[in-house]
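Trainee: Please find upload38.csv (CSV, C-alpha atoms and all ligand atoms) on the next line:
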```
chain,number,residue,atom,x,y,z
A,1,MET,CA,0.0,0.0,0.0
A,2,ARG,CA,1.1,3.6,-0.6
A,3,TYR,CA,0.3,6.3,2.0
A,4,VAL,CA,0.1,10.0,2.0
A,5,TRP,CA,0.0,11.7,5.4
A,6,ALA,CA,-0.3,15.2,6.8
A,7,THR,CA,-0.2,16.7,10.3
A,8,ALA,CA,-1.4,20.0,11.8
A,9,THR,CA,-1.2,21.4,15.3
A,10,HIS,CA,-2.4,24.7,16.5
A,11,VAL,CA,-2.5,26.5,19.9
A,12,GLY,CA,-6.2,27.5,19.4
A,13,GLN,CA,-7.8,30.8,20.3
A,14,VAL,CA,-7.8,30.7,24.1
A,15,ARG,CA,-4.7,28.8,25.4
A,16,SER,CA,-1.3,30.5,25.7
A,17,GLY,CA,0.7,27.3,25.0
A,18,ASN,CA,0.3,24.2,23.0
A,19,GLU,CA,0.4,21.1,25.2
A,20,ASP,CA,-0.3,18.7,22.4
A,21,SER,CA,2.5,16.8,20.7
A,22,VAL,CA,2.3,15.0,17.4
A,23,HIS,CA,4.4,12.7,15.2
A,24,PRO,CA,5.5,12.8,12.5
A,25,PRO,CA,6.2,16.6,12.6
A,26,ASP,CA,5.6,17.0,8.8
A,27,GLY,CA,3.6,15.4,6.1
A,28,GLY,CA,5.0,12.9,3.6
A,29,ALA,CA,4.4,9.9,1.4
A,30,GLY,CA,5.7,6.3,1.2
A,31,PRO,CA,4.9,2.6,1.2
A,32,GLY,CA,4.7,2.2,5.0
A,33,PRO,CA,5.1,1.4,7.7
A,34,VAL,CA,3.7,4.7,8.9
A,35,LEU,CA,3.8,5.6,12.6
A,36,THR,CA,1.6,8.4,13.8
A,37,LEU,CA,0.9,9.6,17.3
A,38,VAL,CA,-1.1,12.3,19.1
A,39,ALA,CA,-0.6,13.2,22.8
A,40,ASP,CA,-2.5,15.8,24.8
A,41,GLY,CA,-0.6,16.8,27.9
A,42,MET,CA,-2.1,18.0,31.2
A,43,GLY,CA,-0.8,19.1,34.6
A,44,GLY,CA,-0.2,22.8,34.4
A,45,HIS,CA,1.4,24.8,31.6
A,46,VAL,CA,5.0,23.3,31.8
A,47,GLY,CA,3.9,19.9,32.9
A,48,GLY,CA,1.5,19.4,30.1
A,49,GLU,CA,4.0,20.3,27.4
A,50,VAL,CA,6.7,18.1,28.9
A,51,ALA,CA,4.4,15.1,29.4
A,52,SER,CA,3.2,15.0,25.9
A,53,ARG,CA,6.6,15.6,24.4
A,54,VAL,CA,8.3,12.9,26.6
A,55,ALA,CA,5.6,10.5,25.7
A,56,VAL,CA,5.8,11.0,22.0
A,57,GLU,CA,9.6,10.8,21.9
A,58,ALA,CA,9.7,7.7,24.0
A,59,ALA,CA,6.9,6.0,22.0
A,60,VAL,CA,8.7,6.8,18.7
A,61,ALA,CA,12.0,5.5,20.1
A,62,ALA,CA,10.5,2.3,21.5
A,63,GLU,CA,10.3,-0.9,19.6
A,64,GLY,CA,7.3,-3.2,19.2
A,65,SER,CA,3.6,-2.9,18.9
A,66,PRO,CA,1.6,0.3,19.5
A,67,GLU,CA,0.6,-1.1,22.8
A,68,GLU,CA,4.2,-1.6,23.8
A,69,ARG,CA,5.1,1.9,22.6
A,70,VAL,CA,2.4,3.3,24.9
A,71,VAL,CA,3.7,1.2,27.8
A,72,ALA,CA,7.3,2.5,27.1
A,73,ALA,CA,6.0,6.1,26.9
A,74,ASN,CA,4.2,5.7,30.2
A,75,ARG,CA,7.4,4.5,31.8
A,76,ALA,CA,9.2,7.5,30.4
A,77,VAL,CA,6.7,10.0,31.8
A,78,VAL,CA,6.7,8.4,35.2
A,79,ALA,CA,10.5,8.4,35.3
A,80,ARG,CA,10.6,12.1,34.4
A,81,VAL,CA,8.3,13.0,37.3
A,82,LEU,CA,10.5,11.0,39.7
A,83,ALA,CA,13.5,12.8,38.4
A,84,GLU,CA,11.8,16.2,38.5
A,85,PRO,CA,9.3,16.3,41.3
A,86,ALA,CA,8.2,19.8,40.4
A,87,LEU,CA,6.5,18.2,37.4
A,88,SER,CA,4.4,15.9,39.7
A,89,GLY,CA,0.8,15.6,38.6
A,90,MET,CA,1.6,15.9,34.9
A,91,GLY,CA,0.2,13.4,32.6
A,92,THR,CA,-0.8,12.9,29.0
A,93,THR,CA,-3.1,11.1,26.6
A,94,LEU,CA,-1.5,9.0,23.9
A,95,THR,CA,-2.9,7.5,20.8
A,96,VAL,CA,-0.5,5.5,18.6
A,97,ALA,CA,-1.4,4.3,15.2
A,98,GLU,CA,0.9,2.2,13.0
A,99,ILE,CA,0.0,1.1,9.5
A,100,ASP,CA,2.2,-1.6,7.9
A,101,GLU,CA,3.1,-2.0,4.3
A,102,HIS,CA,0.1,-4.3,3.7
A,103,GLY,CA,-2.5,-1.9,5.1
A,104,LYS,CA,-2.9,-3.3,8.6
A,105,LEU,CA,-3.7,-0.6,11.1
A,106,SER,CA,-2.8,-1.2,14.7
A,107,ILE,CA,-3.7,1.2,17.5
A,108,GLY,CA,-2.6,1.6,21.2
A,109,HIS,CA,-4.7,4.1,23.0
A,110,VAL,CA,-5.1,5.8,26.4
A,111,GLY,CA,-7.1,9.0,27.2
A,112,ASP,CA,-9.5,11.1,25.2
A,113,SER,CA,-7.6,11.8,22.0
A,114,ARG,CA,-9.2,9.8,19.2
A,115,ALA,CA,-8.6,7.6,16.1
A,116,TYR,CA,-11.3,7.5,13.4
A,117,LEU,CA,-11.6,5.6,10.1
A,118,PHE,CA,-13.1,7.4,7.2
A,119,ARG,CA,-14.3,4.9,4.6
A,120,ASP,CA,-16.7,5.2,1.6
A,121,GLY,CA,-17.6,8.7,2.8
A,122,ALA,CA,-18.6,7.6,6.4
A,123,LEU,CA,-16.7,8.4,9.6
A,124,THR,CA,-16.4,5.8,12.3
A,125,ARG,CA,-14.8,6.3,15.7
A,126,ILE,CA,-12.3,3.5,16.4
A,127,THR,CA,-11.1,4.4,19.9
A,128,THR,CA,-13.2,4.8,23.1
A,129,ASP,CA,-12.6,8.0,25.2
A,130,HIS,CA,-11.3,7.4,28.7
A,131,SER,CA,-13.1,10.3,30.2
A,132,VAL,CA,-15.6,11.1,32.9
A,133,VAL,CA,-18.3,12.3,30.4
A,134,ALA,CA,-17.8,9.1,28.2
A,135,GLU,CA,-18.4,7.0,31.3
A,136,LEU,CA,-21.5,9.0,32.3
A,137,LEU,CA,-22.8,8.8,28.7
A,138,GLU,CA,-22.2,5.0,28.6
A,139,ALA,CA,-24.0,4.6,31.9
A,140,GLY,CA,-27.0,6.6,30.5
A,141,ARG,CA,-26.6,9.3,33.2
A,142,ILE,CA,-26.1,12.2,30.7
A,143,THR,CA,-27.1,12.8,27.1
A,144,GLU,CA,-24.9,13.3,24.0
A,145,GLU,CA,-25.8,17.1,24.2
A,146,GLU,CA,-24.8,17.4,27.9
A,147,VAL,CA,-21.3,16.0,27.0
A,148,HIS,CA,-20.4,19.3,25.4
A,149,THR,CA,-21.4,21.5,28.4
A,150,HIS,CA,-20.6,19.1,31.4
A,151,PRO,CA,-18.3,20.8,33.9
A,152,GLN,CA,-16.0,17.7,34.0
A,153,ARG,CA,-15.9,17.3,30.2
A,154,SER,CA,-12.1,17.6,30.0
A,155,LEU,CA,-11.3,15.1,32.9
A,156,VAL,CA,-9.8,11.9,31.7
A,157,THR,CA,-10.1,8.7,33.7
A,158,ARG,CA,-6.9,7.1,32.3
A,159,ALA,CA,-3.6,8.9,31.4
A,160,LEU,CA,0.1,8.3,31.1
A,161,GLY,CA,2.3,9.3,34.0
A,162,MET,CA,-0.1,8.4,36.8
A,163,ALA,CA,1.3,5.0,37.7
A,164,ARG,CA,3.9,2.5,36.6
A,165,TRP,CA,1.2,0.1,35.3
A,166,ILE,CA,-1.1,1.2,32.6
A,167,ASP,CA,-4.1,-0.4,30.9
A,168,VAL,CA,-3.8,0.2,27.1
A,169,ASP,CA,-6.7,-0.3,24.7
A,170,THR,CA,-5.8,-1.9,21.4
A,171,PHE,CA,-7.6,-1.9,18.0
A,172,SER,CA,-6.8,-3.3,14.6
A,173,GLU,CA,-8.3,-2.8,11.2
A,174,GLN,CA,-7.4,-3.9,7.6
A,175,LEU,CA,-7.3,-0.8,5.5
A,176,ARG,CA,-8.4,-0.6,1.8
A,177,PRO,CA,-7.3,1.8,-0.9
A,178,GLY,CA,-9.3,5.0,-0.5
A,179,ASP,CA,-9.5,4.7,3.3
A,180,ARG,CA,-8.5,7.7,5.4
A,181,VAL,CA,-7.3,7.5,9.1
A,182,LEU,CA,-7.7,10.5,11.4
A,183,LEU,CA,-6.0,10.9,14.7
A,184,CYS,CA,-6.9,14.0,16.8
A,185,SER,CA,-6.7,15.6,20.2
A,186,ASP,CA,-10.0,16.6,22.0
A,187,GLY,CA,-9.4,20.3,20.9
A,188,LEU,CA,-10.9,19.1,17.5
A,189,THR,CA,-13.7,16.9,18.8
A,190,THR,CA,-14.9,19.3,21.6
A,191,MET,CA,-15.4,22.0,18.9
A,192,LEU,CA,-16.8,19.9,16.1
A,193,SER,CA,-19.3,17.0,16.0
A,194,ASP,CA,-18.5,13.8,14.2
A,195,ASP,CA,-20.9,14.9,11.4
A,196,GLU,CA,-19.0,18.1,10.9
A,197,VAL,CA,-15.6,16.2,10.9
A,198,GLY,CA,-17.0,13.7,8.4
A,199,ALA,CA,-18.3,16.5,6.2
A,200,ALA,CA,-14.9,18.2,6.1
A,201,LEU,CA,-13.2,15.0,5.2
A,202,ARG,CA,-15.6,14.4,2.3
A,203,THR,CA,-14.9,17.7,0.8
A,204,CYS,CA,-11.1,17.6,1.1
A,205,GLU,CA,-9.2,15.8,-1.7
A,206,SER,CA,-5.7,15.6,-0.1
A,207,ALA,CA,-4.6,14.7,3.4
A,208,GLU,CA,-2.9,18.0,3.7
A,209,GLU,CA,-6.0,19.9,2.8
A,210,ALA,CA,-8.1,17.8,5.2
A,211,ALA,CA,-5.7,18.4,8.2
A,212,GLN,CA,-5.6,22.1,7.6
A,213,ALA,CA,-9.4,22.3,7.1
A,214,LEU,CA,-10.1,20.5,10.4
A,215,VAL,CA,-7.8,22.8,12.4
A,216,ASP,CA,-9.3,25.9,10.7
A,217,LEU,CA,-12.9,24.7,11.4
A,218,ALA,CA,-12.1,24.0,15.1
A,219,ASN,CA,-10.6,27.5,15.4
A,220,GLN,CA,-13.6,29.1,13.7
A,221,ALA,CA,-15.8,27.2,16.2
A,222,GLY,CA,-14.0,28.9,19.1
A,223,GLY,CA,-10.7,27.0,19.4
A,224,HIS,CA,-11.1,26.6,23.1
A,225,ASP,CA,-8.2,24.1,23.4
A,226,ASN,CA,-5.1,23.1,21.5
A,227,ILE,CA,-6.0,21.4,18.2
A,228,THR,CA,-3.9,18.5,16.7
A,229,VAL,CA,-4.8,16.3,13.7
A,230,VAL,CA,-3.0,13.6,11.7
A,231,VAL,CA,-4.6,12.4,8.4
A,232,VAL,CA,-3.3,9.3,6.6
A,233,ASP,CA,-4.7,8.4,3.2
A,234,ALA,CA,-4.3,4.8,2.0
A,235,ALA,CA,-3.7,5.5,-1.7
A,236,GLY,CA,-3.6,2.0,-3.1
A,237,GLN,CA,-0.5,0.4,-4.8
B,1,MN,MN,-6.9,18.9,24.8
```
Could you show the structure in this file as structure tokens?
Ligand code: MN
Mentor:
Amino acid sequence: MRYVWATATHVGQVRSGNEDSVHPPDGGAGPGPVLTLVADGMGGHVGGEVASRVAVEAAVAAEGSPEERVVAANRAVVARVLAEPALSGMGTTLTVAEIDEHGKLSIGHVGDSRAYLFRDGALTRITTDHSVVAELLEAGRITEEEVHTHPQRSLVTRALGMARWIDVDTFSEQLRPGDRVLLCSDGLTTMLSDDEVGAALRTCESAEEAAQALVDLANQAGGHDNITVVVVDAAGQ
């Protein structure tokens, strides 16, 4: 399979720093494997930036499956807190997606950043959010509308950096030519509904155009948080 990918990250309209980290830093094209990551740091201004950067660097440097990369990234964030107690309390989400040369997509995931599959014009969420509002929604205690206004909507229930042991969700999917994979931080999905994201992906021909359009739309919708997206197009042989 041949892939074309693009990444975009933006501080948004409200925050003073960007606590998201992304890999790869730039767009590109090639036969795979393609390794993409999105991390959304938390724990104060400095802590959030450090946590997401340490996690992404460690996950990229690690060997093995996406799940093993998330485990290695967690170890690195925990070690950094032990070495630098002033950073205590910092943590990060991490979503790792690796696509091999045959189109097999493998994901390791912790937190409320997301991976989506866009196929035949339809957008499907692959990952499950580890967040307070996702659990309340699952339990039927709040509605889909209340998710967007709930006071605890940004609280995650699972993050890297909290403990030595971490529970990583894994997903896999066989990609087909024409498929598009989207990774994003919650700065995109708290500003735009899945329908709006799907509509933008339908109108954008290239991965680069799609990544930029999504960031622009989230900013136009208010840009309340840092916005990060990775778009990978499976372009056939
Ligand atoms: Mn965020």
Trainee: Could you list, with a cut-off of 12 Å and counting all atoms listed in the file, the residues of chain A near ligand MN 1 (chain B), each shown with its nearest atom pair and the distance in Å rounded to one decimal, rows sorted by chain and ascending number, as CSV?
Mentor:
```
residue,atom,partner,partner_atom,distance
A:Thr9,CA,B:MN1,MN,11.4
A:His10,CA,B:MN1,MN,11.1
A:Val11,CA,B:MN1,MN,10.1
A:Gly12,CA,B:MN1,MN,10.2
A:Val14,CA,B:MN1,MN,11.9
A:Arg15,CA,B:MN1,MN,10.2
A:Gly17,CA,B:MN1,MN,11.3
A:Asn18,CA,B:MN1,MN,9.1
A:Glu19,CA,B:MN1,MN,7.6
A:Asp20,CA,B:MN1,MN,7.0
A:Ser21,CA,B:MN1,MN,10.5
A:Val38,CA,B:MN1,MN,10.5
A:Ala39,CA,B:MN1,MN,8.7
A:Asp40,CA,B:MN1,MN,5.4
A:Gly41,CA,B:MN1,MN,7.3
A:Met42,CA,B:MN1,MN,8.1
A:Gly43,CA,B:MN1,MN,11.5
A:Gly48,CA,B:MN1,MN,9.9
A:Glu49,CA,B:MN1,MN,11.3
A:Ser52,CA,B:MN1,MN,10.9
A:Gly91,CA,B:MN1,MN,11.9
A:Thr92,CA,B:MN1,MN,9.5
A:Thr93,CA,B:MN1,MN,8.9
A:Leu94,CA,B:MN1,MN,11.3
A:Gly111,CA,B:MN1,MN,10.2
A:Asp112,CA,B:MN1,MN,8.2
A:Ser113,CA,B:MN1,MN,7.7
A:Arg114,CA,B:MN1,MN,10.9
A:Ser131,CA,B:MN1,MN,11.9
A:Arg153,CA,B:MN1,MN,10.6
A:Ser154,CA,B:MN1,MN,7.5
A:Leu155,CA,B:MN1,MN,10.0
A:Val156,CA,B:MN1,MN,10.2
A:Cys184,CA,B:MN1,MN,9.4
A:Ser185,CA,B:MN1,MN,5.7
A:Asp186,CA,B:MN1,MN,4.8
A:Gly187,CA,B:MN1,MN,4.8
A:Leu188,CA,B:MN1,MN,8.3
A:Thr189,CA,B:MN1,MN,9.3
A:Thr190,CA,B:MN1,MN,8.6
A:Met191,CA,B:MN1,MN,10.8
A:Gly223,CA,B:MN1,MN,10.5
A:His224,CA,B:MN1,MN,8.9
A:Asp225,CA,B:MN1,MN,5.5
A:Asn226,CA,B:MN1,MN,5.6
A:Ile227,CA,B:MN1,MN,7.1
A:Thr228,CA,B:MN1,MN,8.6
A:Val229,CA,B:MN1,MN,11.6
```
Trainee: With C-alpha atoms retained, export the selected residues as a PDB file, keeping the file's coordinate frame.
Mentor:
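Saved to selection.pdb:
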```
ATOM      1  CA  THR A   9      -1.200  21.400  15.300  1.00  0.00           C
ATOM      2  CA  HIS A  10      -2.400  24.700  16.500  1.00  0.00           C
ATOM      3  CA  VAL A  11      -2.500  26.500  19.900  1.00  0.00           C
ATOM      4  CA  GLY A  12      -6.200  27.500  19.400  1.00  0.00           C
ATOM      5  CA  VAL A  14      -7.800  30.700  24.100  1.00  0.00           C
ATOM      6  CA  ARG A  15      -4.700  28.800  25.400  1.00  0.00           C
ATOM      7  CA  GLY A  17       0.700  27.300  25.000  1.00  0.00           C
ATOM      8  CA  ASN A  18       0.300  24.200  23.000  1.00  0.00           C
ATOM      9  CA  GLU A  19       0.400  21.100  25.200  1.00  0.00           C
ATOM     10  CA  ASP A  20      -0.300  18.700  22.400  1.00  0.00           C
ATOM     11  CA  SER A  21       2.500  16.800  20.700  1.00  0.00           C
ATOM     12  CA  VAL A  38      -1.100  12.300  19.100  1.00  0.00           C
ATOM     13  CA  ALA A  39      -0.600  13.200  22.800  1.00  0.00           C
ATOM     14  CA  ASP A  40      -2.500  15.800  24.800  1.00  0.00           C
ATOM     15  CA  GLY A  41      -0.600  16.800  27.900  1.00  0.00           C
ATOM     16  CA  MET A  42      -2.100  18.000  31.200  1.00  0.00           C
ATOM     17  CA  GLY A  43      -0.800  19.100  34.600  1.00  0.00           C
ATOM     18  CA  GLY A  48       1.500  19.400  30.100  1.00  0.00           C
ATOM     19  CA  GLU A  49       4.000  20.300  27.400  1.00  0.00           C
ATOM     20  CA  SER A  52       3.200  15.000  25.900  1.00  0.00           C
ATOM     21  CA  GLY A  91       0.200  13.400  32.600  1.00  0.00           C
ATOM     22  CA  THR A  92      -0.800  12.900  29.000  1.00  0.00           C
ATOM     23  CA  THR A  93      -3.100  11.100  26.600  1.00  0.00           C
ATOM     24  CA  LEU A  94      -1.500   9.000  23.900  1.00  0.00           C
ATOM     25  CA  GLY A 111      -7.100   9.000  27.200  1.00  0.00           C
ATOM     26  CA  ASP A 112      -9.500  11.100  25.200  1.00  0.00           C
ATOM     27  CA  SER A 113      -7.600  11.800  22.000  1.00  0.00           C
ATOM     28  CA  ARG A 114      -9.200   9.800  19.200  1.00  0.00           C
ATOM     29  CA  SER A 131     -13.100  10.300  30.200  1.00  0.00           C
ATOM     30  CA  ARG A 153     -15.900  17.300  30.200  1.00  0.00           C
ATOM     31  CA  SER A 154     -12.100  17.600  30.000  1.00  0.00           C
ATOM     32  CA  LEU A 155     -11.300  15.100  32.900  1.00  0.00           C
ATOM     33  CA  VAL A 156      -9.800  11.900  31.700  1.00  0.00           C
ATOM     34  CA  CYS A 184      -6.900  14.000  16.800  1.00  0.00           C
ATOM     35  CA  SER A 185      -6.700  15.600  20.200  1.00  0.00           C
ATOM     36  CA  ASP A 186     -10.000  16.600  22.000  1.00  0.00           C
ATOM     37  CA  GLY A 187      -9.400  20.300  20.900  1.00  0.00           C
ATOM     38  CA  LEU A 188     -10.900  19.100  17.500  1.00  0.00           C
ATOM     39  CA  THR A 189     -13.700  16.900  18.800  1.00  0.00           C
ATOM     40  CA  THR A 190     -14.900  19.300  21.600  1.00  0.00           C
ATOM     41  CA  MET A 191     -15.400  22.000  18.900  1.00  0.00           C
ATOM     42  CA  GLY A 223     -10.700  27.000  19.400  1.00  0.00           C
ATOM     43  CA  HIS A 224     -11.100  26.600  23.100  1.00  0.00           C
ATOM     44  CA  ASP A 225      -8.200  24.100  23.400  1.00  0.00           C
ATOM     45  CA  ASN A 226      -5.100  23.100  21.500  1.00  0.00           C
ATOM     46  CA  ILE A 227      -6.000  21.400  18.200  1.00  0.00           C
ATOM     47  CA  THR A 228      -3.900  18.500  16.700  1.00  0.00           C
ATOM     48  CA  VAL A 229      -4.800  16.300  13.700  1.00  0.00           C
TER      49      VAL A 229
END
```
Trainee: To one decimal place, how far is CA of Met90 (chain A) from CA of Val54 (chain A) in Å?
Mentor: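 Pair CA of Met90 (chain A) / CA of Val54 (chain A) returns 11.1 Å.
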Trainee: One number please: CA of Thr157 (chain A) to CA of Leu35 (chain A), in Å, one decimal.
Mentor: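 Taking CA of Thr157 (chain A) and CA of Leu35 (chain A), their separation equals 25.5 Å.
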Trainee: What is the distance, in Å and to one decimal place, between CA of Gly103 (chain A) and CA of Ile166 (chain A)?
Mentor: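 Computing the Euclidean distance for CA of Gly103 (chain A) and CA of Ile166 (chain A) yields 27.7 Å.
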Trainee: Check the smallest atom-to-atom distance from each of A:Ala213, A:Val168, A:Ala159, A:Val4 to Pro66 (chain A) using all atoms listed in the file, then report the winner.
Mentor: A:Val168
Trainee: Give me, as a list in words, all polymer residues having an atom no more than 9 Å from Pro31 (chain A), counting only C-alpha atoms and skipping those fewer than 5 positions away in the same chain.
Mentor: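 Skipping anything fewer than 5 positions along the chain leaves Met1, Arg2, Tyr3, Val4, Asp100, Glu101, His102 and Gln237 of chain A.
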Trainee: Could you list, as a tab-separated table (two decimals) with C-alpha atoms, in the frame of the given file, every residue within 12 Å of Ala163 (chain A), counting all atoms listed in the file and ignoring same-chain residues fewer than 3 positions away?
Mentor:
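Contents of result31.tsv, freshly written:
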```tsv
chain	number	residue	atom	x	y	z
A	71	VAL	CA	3.70	1.20	27.80
A	73	ALA	CA	6.00	6.10	26.90
A	74	ASN	CA	4.20	5.70	30.20
A	75	ARG	CA	7.40	4.50	31.80
A	76	ALA	CA	9.20	7.50	30.40
A	77	VAL	CA	6.70	10.00	31.80
A	78	VAL	CA	6.70	8.40	35.20
A	79	ALA	CA	10.50	8.40	35.30
A	81	VAL	CA	8.30	13.00	37.30
A	82	LEU	CA	10.50	11.00	39.70
A	88	SER	CA	4.40	15.90	39.70
A	89	GLY	CA	0.80	15.60	38.60
A	90	MET	CA	1.60	15.90	34.90
A	91	GLY	CA	0.20	13.40	32.60
A	92	THR	CA	-0.80	12.90	29.00
A	158	ARG	CA	-6.90	7.10	32.30
A	159	ALA	CA	-3.60	8.90	31.40
A	160	LEU	CA	0.10	8.30	31.10
A	166	ILE	CA	-1.10	1.20	32.60
A	167	ASP	CA	-4.10	-0.40	30.90
```
Trainee: Between A:Pro85, A:Gly108, A:Val232, A:Ala97, which residue has the minimum interatomic distance to Glu208 (chain A), considering all atoms listed in the file?
Mentor: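 The answer is A:Val232, which sits nearest to Glu208 (chain A).
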Trainee: Nearest residue to His130 (chain A) out of A:Gly161, A:Thr95, A:Ala200, A:Glu209, using only C-alpha atoms?
Mentor: A:Thr95
Trainee: Just the residues within 10 Å of Trp5 (chain A), please, counting all atoms listed in the file, with nothing from its chain fewer than 3 positions along; format it as a PDB file with C-alpha atoms, keeping the file's coordinate frame.
Mentor:
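Once written, selection.pdb looks like this:
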```
ATOM      1  CA  PRO A  24       5.500  12.800  12.500  1.00  0.00           C
ATOM      2  CA  ASP A  26       5.600  17.000   8.800  1.00  0.00           C
ATOM      3  CA  GLY A  27       3.600  15.400   6.100  1.00  0.00           C
ATOM      4  CA  GLY A  28       5.000  12.900   3.600  1.00  0.00           C
ATOM      5  CA  ALA A  29       4.400   9.900   1.400  1.00  0.00           C
ATOM      6  CA  GLY A  30       5.700   6.300   1.200  1.00  0.00           C
ATOM      7  CA  VAL A  34       3.700   4.700   8.900  1.00  0.00           C
ATOM      8  CA  THR A  36       1.600   8.400  13.800  1.00  0.00           C
ATOM      9  CA  ARG A 180      -8.500   7.700   5.400  1.00  0.00           C
ATOM     10  CA  VAL A 181      -7.300   7.500   9.100  1.00  0.00           C
ATOM     11  CA  LEU A 182      -7.700  10.500  11.400  1.00  0.00           C
ATOM     12  CA  SER A 206      -5.700  15.600  -0.100  1.00  0.00           C
ATOM     13  CA  ALA A 207      -4.600  14.700   3.400  1.00  0.00           C
ATOM     14  CA  GLU A 208      -2.900  18.000   3.700  1.00  0.00           C
ATOM     15  CA  ALA A 211      -5.700  18.400   8.200  1.00  0.00           C
ATOM     16  CA  VAL A 230      -3.000  13.600  11.700  1.00  0.00           C
ATOM     17  CA  VAL A 231      -4.600  12.400   8.400  1.00  0.00           C
ATOM     18  CA  VAL A 232      -3.300   9.300   6.600  1.00  0.00           C
ATOM     19  CA  ASP A 233      -4.700   8.400   3.200  1.00  0.00           C
ATOM     20  CA  ALA A 234      -4.300   4.800   2.000  1.00  0.00           C
TER      21      ALA A 234
END
```
Trainee: May I ask which of the residues A:Ala139, A:Thr127, A:Ala86, A:Thr170 is the closest one to Ser65 (chain A), counting only C-alpha atoms?
Mentor: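 Smallest separation from Ser65 (chain A) among the options: A:Thr170.
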Trainee: Between A:Leu123, A:Val110, A:Val133, A:Leu37, which is the closest to Ala199 (chain A) once you count only C-alpha atoms?
Mentor: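 Using only C-alpha atoms, Ala199 (chain A) sits closest to A:Leu123.
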Trainee: Around (5.3, 8.4, 20.1) in the file's frame, which residues reach within 8 Å when counting all atoms listed in the file? Return as a list of chain:residue names?
Mentor: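 Collected hits near the coordinates: A:Val22, A:His23, A:Thr36, A:Leu37, A:Val38, A:Ala55, A:Val56, A:Glu57, A:Ala58, A:Ala59, A:Val60, A:Ala61, A:Arg69, A:Val70, A:Ala73, A:Leu94, A:Val96.
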